[in-house]
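Notes follow once the structure below has been shown.
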Amino acid sequence: MLLSIVLPAYNEEQNISNTAKVLAGLLEENEIDYELVFISDGSRDATLELIRKAAEENPKVKGAEFSRNFGKEAAIFAGLELAAGDAVVVMDCDLQHPPETILEMWKLWRNGAEVVEGIKESRGKESLAYKLSAGLFYKIMSRLIKVDMSASSDFKLLDRKVVDVLLQLPERNTFFRALSFWAGFRREYVSYEVQERQYGKSKWSSLSLMKYAVTNATSFSTLPLQLVTVMGVVSILFSVALFIQTLAKYLSGTAVEGFTTVILLLLIIGGFLMLSLGIIGHYIARIYEEVKGRPKYIISKTVGKIEKRM
Ligand code: UDP
Ligand code: MG
């Protein structure tokens, strides 16, 4: 039974050696046959060289480098594709996901679980604004996809069957965290404490997080589009009321005033229209991206024995 560990890494030169050592030590101690799959997401530092060095020291390490930064989602999927294990764990390479949790996941998998979700016990050290926006995002997402994922993360173990299902999905815009719920299968949970990052700093800016939230929310739901319809209905109701009022005024011969109303109406309707166009435009952009059918990522270099599946 082979366990693959997929580790997306973007400018993580400070973490690779340490992470490889810690994981190898832990898994060897517990006599689990493993491989470590590092995916360097277009790093501009020495991440690839360090993966290479780790692979020289330990033949169970392999890896790949993207031709540019494609994002963590793409790195996760590349890792799933290159992993050969009967079970695959996805985790951050900064060890913020505690390695010991892998053992719990492994045990649950040996007992028949097909997906083991890592659930964040505490969110670690995050700013209040981040906590609030993340909380809101997960609340909306949970509503949309009808599973509670408020504490879920990208830290999870997937059975080979589940990995194959995810790899067969034709879509380009994936949301790994939610797709594992969407796929179904026998699910178990383990909770873990988010550790502090030891080396380097977080790779997310607030702008990239916001983009991440919007892209993922819209890739899983068409609710924003239905919102456009709701806005339309509200405007129609409003206009009926105003129509009657205007007509009544006209008939009673007092129709000259009302310039304020005209301006307000113009503003409201204009705002609604543009917002609606924006929402529709967003979906069209997503359709456009999918239709082009470009690959999720491009691999420029590989390290170690890589057999591409599919
Ligand atoms: N990561 C990546 N591509 C990116 C950004 C991040 O592969 O464009 C990786 C990063 O190297 C790390 C994981 O995703 O292994 C989580 O990133 P980070 O630790 O910066 O996020 P945080 O823990 O602060 O949420
Ligand atoms: Mg981190």
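In the structure tokens, chains take the letters A, B, ... in the order shown, each chain's residues start at 1, and ligands count up from 1 in the order shown.
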Within 6 Å of ligand 1, which residues show up when you count only C-alpha atoms and all ligand atoms? List them as a ChimeraX atom specification, please.
/A:8-10,12,41,71-72,75,92-94,202-204
So, with only C-alpha atoms as the atoms that count, which of A:Gly270, A:Asn69, A:Ala83, A:Ile32 lies closest to Arg44 of chain A?
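Ranking A:Gly270, A:Asn69, A:Ala83, A:Ile32 by distance to Arg44 of chain A, first place goes to A:Asn69.
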Could you go through segment 123-262 of chain A and tell me which residues DSSP, when run on the backbone, assigns to strand (DSSP E or B), listing them as a JSON list (two decimals) with N, CA, C and O atoms, in the first residue's frame?
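Contents of selection-v5.json, freshly written:
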[["chain", "number", "residue", "atom", "x", "y", "z"],
["A", 152, "SER", "N", -13.32, 23.27, 6.69],
["A", 152, "SER", "CA", -12.55, 22.37, 5.84],
["A", 152, "SER", "C", -11.33, 23.08, 5.27],
["A", 152, "SER", "O", -11.20, 24.29, 5.32],
["A", 153, "SER", "N", -10.44, 22.31, 4.73],
["A", 153, "SER", "CA", -9.21, 22.87, 4.19],
["A", 153, "SER", "C", -8.76, 22.01, 3.02],
["A", 153, "SER", "O", -9.45, 21.07, 2.63],
["A", 154, "ASP", "N", -7.60, 22.31, 2.48],
["A", 154, "ASP", "CA", -7.08, 21.48, 1.40],
["A", 154, "ASP", "C", -6.33, 20.27, 1.94],
["A", 154, "ASP", "O", -5.78, 19.49, 1.18],
["A", 155, "PHE", "N", -6.27, 20.14, 3.25],
["A", 155, "PHE", "CA", -5.56, 19.03, 3.88],
["A", 155, "PHE", "C", -6.50, 17.84, 3.94],
["A", 155, "PHE", "O", -7.41, 17.81, 4.74],
["A", 156, "LYS", "N", -6.30, 16.86, 3.06],
["A", 156, "LYS", "CA", -7.16, 15.69, 3.10],
["A", 156, "LYS", "C", -6.51, 14.49, 2.45],
["A", 156, "LYS", "O", -5.54, 14.62, 1.70],
["A", 157, "LEU", "N", -7.05, 13.33, 2.78],
["A", 157, "LEU", "CA", -6.59, 12.10, 2.15],
["A", 157, "LEU", "C", -7.67, 11.60, 1.21],
["A", 157, "LEU", "O", -8.85, 11.62, 1.55],
["A", 158, "LEU", "N", -7.27, 11.21, 0.01],
["A", 158, "LEU", "CA", -8.21, 10.68, -0.96],
["A", 158, "LEU", "C", -7.78, 9.28, -1.37],
["A", 158, "LEU", "O", -6.60, 9.02, -1.58],
["A", 159, "ASP", "N", -8.76, 8.40, -1.49],
["A", 159, "ASP", "CA", -8.50, 7.07, -2.02],
["A", 159, "ASP", "C", -8.22, 7.17, -3.52],
["A", 159, "ASP", "O", -8.66, 8.11, -4.17],
["A", 187, "ARG", "N", -16.86, 9.06, 3.83],
["A", 187, "ARG", "CA", -16.10, 10.19, 4.35],
["A", 187, "ARG", "C", -15.86, 10.06, 5.85],
["A", 187, "ARG", "O", -16.73, 9.63, 6.59],
["A", 188, "GLU", "N", -14.66, 10.39, 6.26],
["A", 188, "GLU", "CA", -14.37, 10.49, 7.69],
["A", 188, "GLU", "C", -13.69, 11.85, 7.93],
["A", 188, "GLU", "O", -13.24, 12.48, 6.98],
["A", 189, "TYR", "N", -13.65, 12.25, 9.18],
["A", 189, "TYR", "CA", -13.05, 13.55, 9.50],
["A", 189, "TYR", "C", -11.98, 13.41, 10.57],
["A", 189, "TYR", "O", -12.11, 12.60, 11.47],
["A", 190, "VAL", "N", -10.94, 14.19, 10.44],
["A", 190, "VAL", "CA", -10.01, 14.32, 11.56],
["A", 190, "VAL", "C", -9.82, 15.82, 11.78],
["A", 190, "VAL", "O", -9.82, 16.60, 10.83],
["A", 191, "SER", "N", -9.71, 16.22, 13.03],
["A", 191, "SER", "CA", -9.49, 17.65, 13.25],
["A", 191, "SER", "C", -8.02, 17.86, 13.56],
["A", 191, "SER", "O", -7.33, 16.96, 14.03],
["A", 192, "TYR", "N", -7.55, 19.04, 13.22],
["A", 192, "TYR", "CA", -6.16, 19.35, 13.48],
["A", 192, "TYR", "C", -6.02, 20.83, 13.82],
["A", 192, "TYR", "O", -6.89, 21.63, 13.50]]
Can you pull out the residues contacting segment 51-57 of chain A? Cut-off 8 Å, using only C-alpha atoms, and skip same-chain residues under 2 positions away; I want them as a ChimeraX atom specification.
/A:16-17,20,38,47-49,59-63,303-304
Excluding Leu223 of chain A and its own-chain neighbours fewer than 4 positions away, which residues fall within 12 Å of it when counting only C-alpha atoms? Please give them as an mmCIF file with N, CA, C and O atoms, in the first residue's frame.
data_model
loop_
_atom_site.group_PDB
_atom_site.id
_atom_site.type_symbol
_atom_site.label_atom_id
_atom_site.label_comp_id
_atom_site.auth_asym_id
_atom_site.auth_seq_id
_atom_site.Cartn_x
_atom_site.Cartn_y
_atom_site.Cartn_z
ATOM 1 N N ILE A 140 -21.428 31.105 2.914
ATOM 2 C CA ILE A 140 -22.104 31.164 1.617
ATOM 3 C C ILE A 140 -21.855 29.871 0.845
ATOM 4 O O ILE A 140 -22.786 29.249 0.329
ATOM 5 N N MET A 141 -20.594 29.454 0.793
ATOM 6 C CA MET A 141 -20.262 28.238 0.051
ATOM 7 C C MET A 141 -21.012 27.020 0.589
ATOM 8 O O MET A 141 -21.518 26.209 -0.173
ATOM 9 N N ARG A 143 -23.855 26.936 2.110
ATOM 10 C CA ARG A 143 -25.229 27.073 1.669
ATOM 11 C C ARG A 143 -25.361 26.602 0.225
ATOM 12 O O ARG A 143 -26.227 25.815 -0.125
ATOM 13 N N LEU A 144 -24.462 27.084 -0.607
ATOM 14 C CA LEU A 144 -24.563 26.826 -2.040
ATOM 15 C C LEU A 144 -24.403 25.346 -2.360
ATOM 16 O O LEU A 144 -25.117 24.795 -3.177
ATOM 17 N N ILE A 145 -23.403 24.708 -1.765
ATOM 18 C CA ILE A 145 -23.178 23.321 -2.144
ATOM 19 C C ILE A 145 -23.763 22.345 -1.135
ATOM 20 O O ILE A 145 -23.580 21.159 -1.224
ATOM 21 N N ALA A 217 -16.786 30.632 -5.669
ATOM 22 C CA ALA A 217 -18.223 30.716 -5.423
ATOM 23 C C ALA A 217 -18.965 30.574 -6.741
ATOM 24 O O ALA A 217 -19.944 29.843 -6.843
ATOM 25 N N THR A 218 -18.478 31.226 -7.793
ATOM 26 C CA THR A 218 -19.212 31.163 -9.057
ATOM 27 C C THR A 218 -18.971 29.848 -9.793
ATOM 28 O O THR A 218 -19.768 29.470 -10.619
ATOM 29 N N SER A 219 -17.871 29.168 -9.480
ATOM 30 C CA SER A 219 -17.669 27.906 -10.182
ATOM 31 C C SER A 219 -18.549 26.822 -9.571
ATOM 32 O O SER A 219 -18.723 25.764 -10.155
ATOM 33 N N LEU A 227 -29.991 35.913 -8.932
ATOM 34 C CA LEU A 227 -30.100 37.198 -8.262
ATOM 35 C C LEU A 227 -30.494 38.289 -9.252
ATOM 36 O O LEU A 227 -31.249 39.211 -8.936
ATOM 37 N N VAL A 228 -29.979 38.176 -10.482
ATOM 38 C CA VAL A 228 -30.312 39.137 -11.525
ATOM 39 C C VAL A 228 -31.816 39.132 -11.768
ATOM 40 O O VAL A 228 -32.455 40.179 -11.867
ATOM 41 N N THR A 229 -32.399 37.922 -11.818
ATOM 42 C CA THR A 229 -33.838 37.815 -11.999
ATOM 43 C C THR A 229 -34.577 38.480 -10.846
ATOM 44 O O THR A 229 -35.544 39.211 -11.050
ATOM 45 N N VAL A 230 -34.112 38.247 -9.647
ATOM 46 C CA VAL A 230 -34.749 38.843 -8.473
ATOM 47 C C VAL A 230 -34.727 40.365 -8.578
ATOM 48 O O VAL A 230 -35.736 41.036 -8.347
ATOM 49 N N ILE A 279 -22.515 40.544 -13.494
ATOM 50 C CA ILE A 279 -22.648 39.149 -13.056
ATOM 51 C C ILE A 279 -22.694 38.222 -14.268
ATOM 52 O O ILE A 279 -21.979 37.224 -14.351
ATOM 53 N N ILE A 280 -23.524 38.598 -15.248
ATOM 54 C CA ILE A 280 -23.626 37.764 -16.456
ATOM 55 C C ILE A 280 -22.274 37.705 -17.164
ATOM 56 O O ILE A 280 -21.825 36.640 -17.595
ATOM 57 N N TYR A 283 -19.934 35.213 -15.666
ATOM 58 C CA TYR A 283 -20.192 33.827 -16.067
ATOM 59 C C TYR A 283 -19.765 33.573 -17.509
ATOM 60 O O TYR A 283 -19.234 32.515 -17.824
#
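Proximity to Leu36 of chain A was assessed for A:Glu100, A:Lys305, A:Val115, A:Leu136 counting only C-alpha atoms; the smallest distance is recorded for A:Lys305.
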Using only C-alpha atoms, find the one residue out of A:Leu128, A:Leu95, A:Ala213, A:Leu251 that sits nearest to Asn15 of chain A.
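Going through A:Leu128, A:Leu95, A:Ala213, A:Leu251 one by one, the smallest distance to Asn15 of chain A is for A:Leu95.
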Between atom CA of Ala183 of chain A and atom CA of Gly85 of chain A, what distance in Å does the model show, to one decimal?
19.0 Å
Which value, in Å to one decimal, gives the distance between atom CA of Asn173 of chain A and atom CA of Gly271 of chain A?
29.0 Å
May I ask for the distance between atom CA of Lys131 of chain A and atom CA of Val214 of chain A, given in Å to one decimal place?
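Separating atom CA of Lys131 of chain A from atom CA of Val214 of chain A is a distance of 16.6 Å.
Using only C-alpha atoms for every distance, the candidate list A:Leu50, A:Leu7, A:Ile39, A:Ala64 yields A:Ala64 as the residue closest to Ile306 of chain A.
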Near-Phe66 of chain A list (9 Å; only C-alpha atoms; drop same-chain fewer than 6 positions) as a ChimeraX atom specification:
/A:39-43,75,297-301
Create the file for the chosen residues now, containing C-alpha atoms and written as a PDB file, in the first residue's frame.
ATOM      1  CA  ILE A  39       4.919  20.586  -7.255  1.00  0.00           C
ATOM      2  CA  SER A  40       6.752  23.849  -7.649  1.00  0.00           C
ATOM      3  CA  ASP A  41       4.161  26.330  -8.861  1.00  0.00           C
ATOM      4  CA  GLY A  42       6.413  28.441 -11.060  1.00  0.00           C
ATOM      5  CA  SER A  43       8.659  29.417  -8.164  1.00  0.00           C
ATOM      6  CA  ALA A  75      -0.489  22.501  -8.347  1.00  0.00           C
ATOM      7  CA  TYR A 297      -0.986  23.867 -15.963  1.00  0.00           C
ATOM      8  CA  ILE A 298       2.176  23.329 -17.983  1.00  0.00           C
ATOM      9  CA  ILE A 299       5.030  21.275 -16.573  1.00  0.00           C
ATOM     10  CA  SER A 300       8.455  22.495 -17.648  1.00  0.00           C
ATOM     11  CA  LYS A 301      10.759  20.221 -15.626  1.00  0.00           C
TER      12      LYS A 301
END
Can you tell me, as a PyMOL selection string, which residues in segment 150-262 of chain A count as alpha helix (DSSP H) by DSSP?
chain A and resi 160-168+176-182+206-220+223-251+259-262
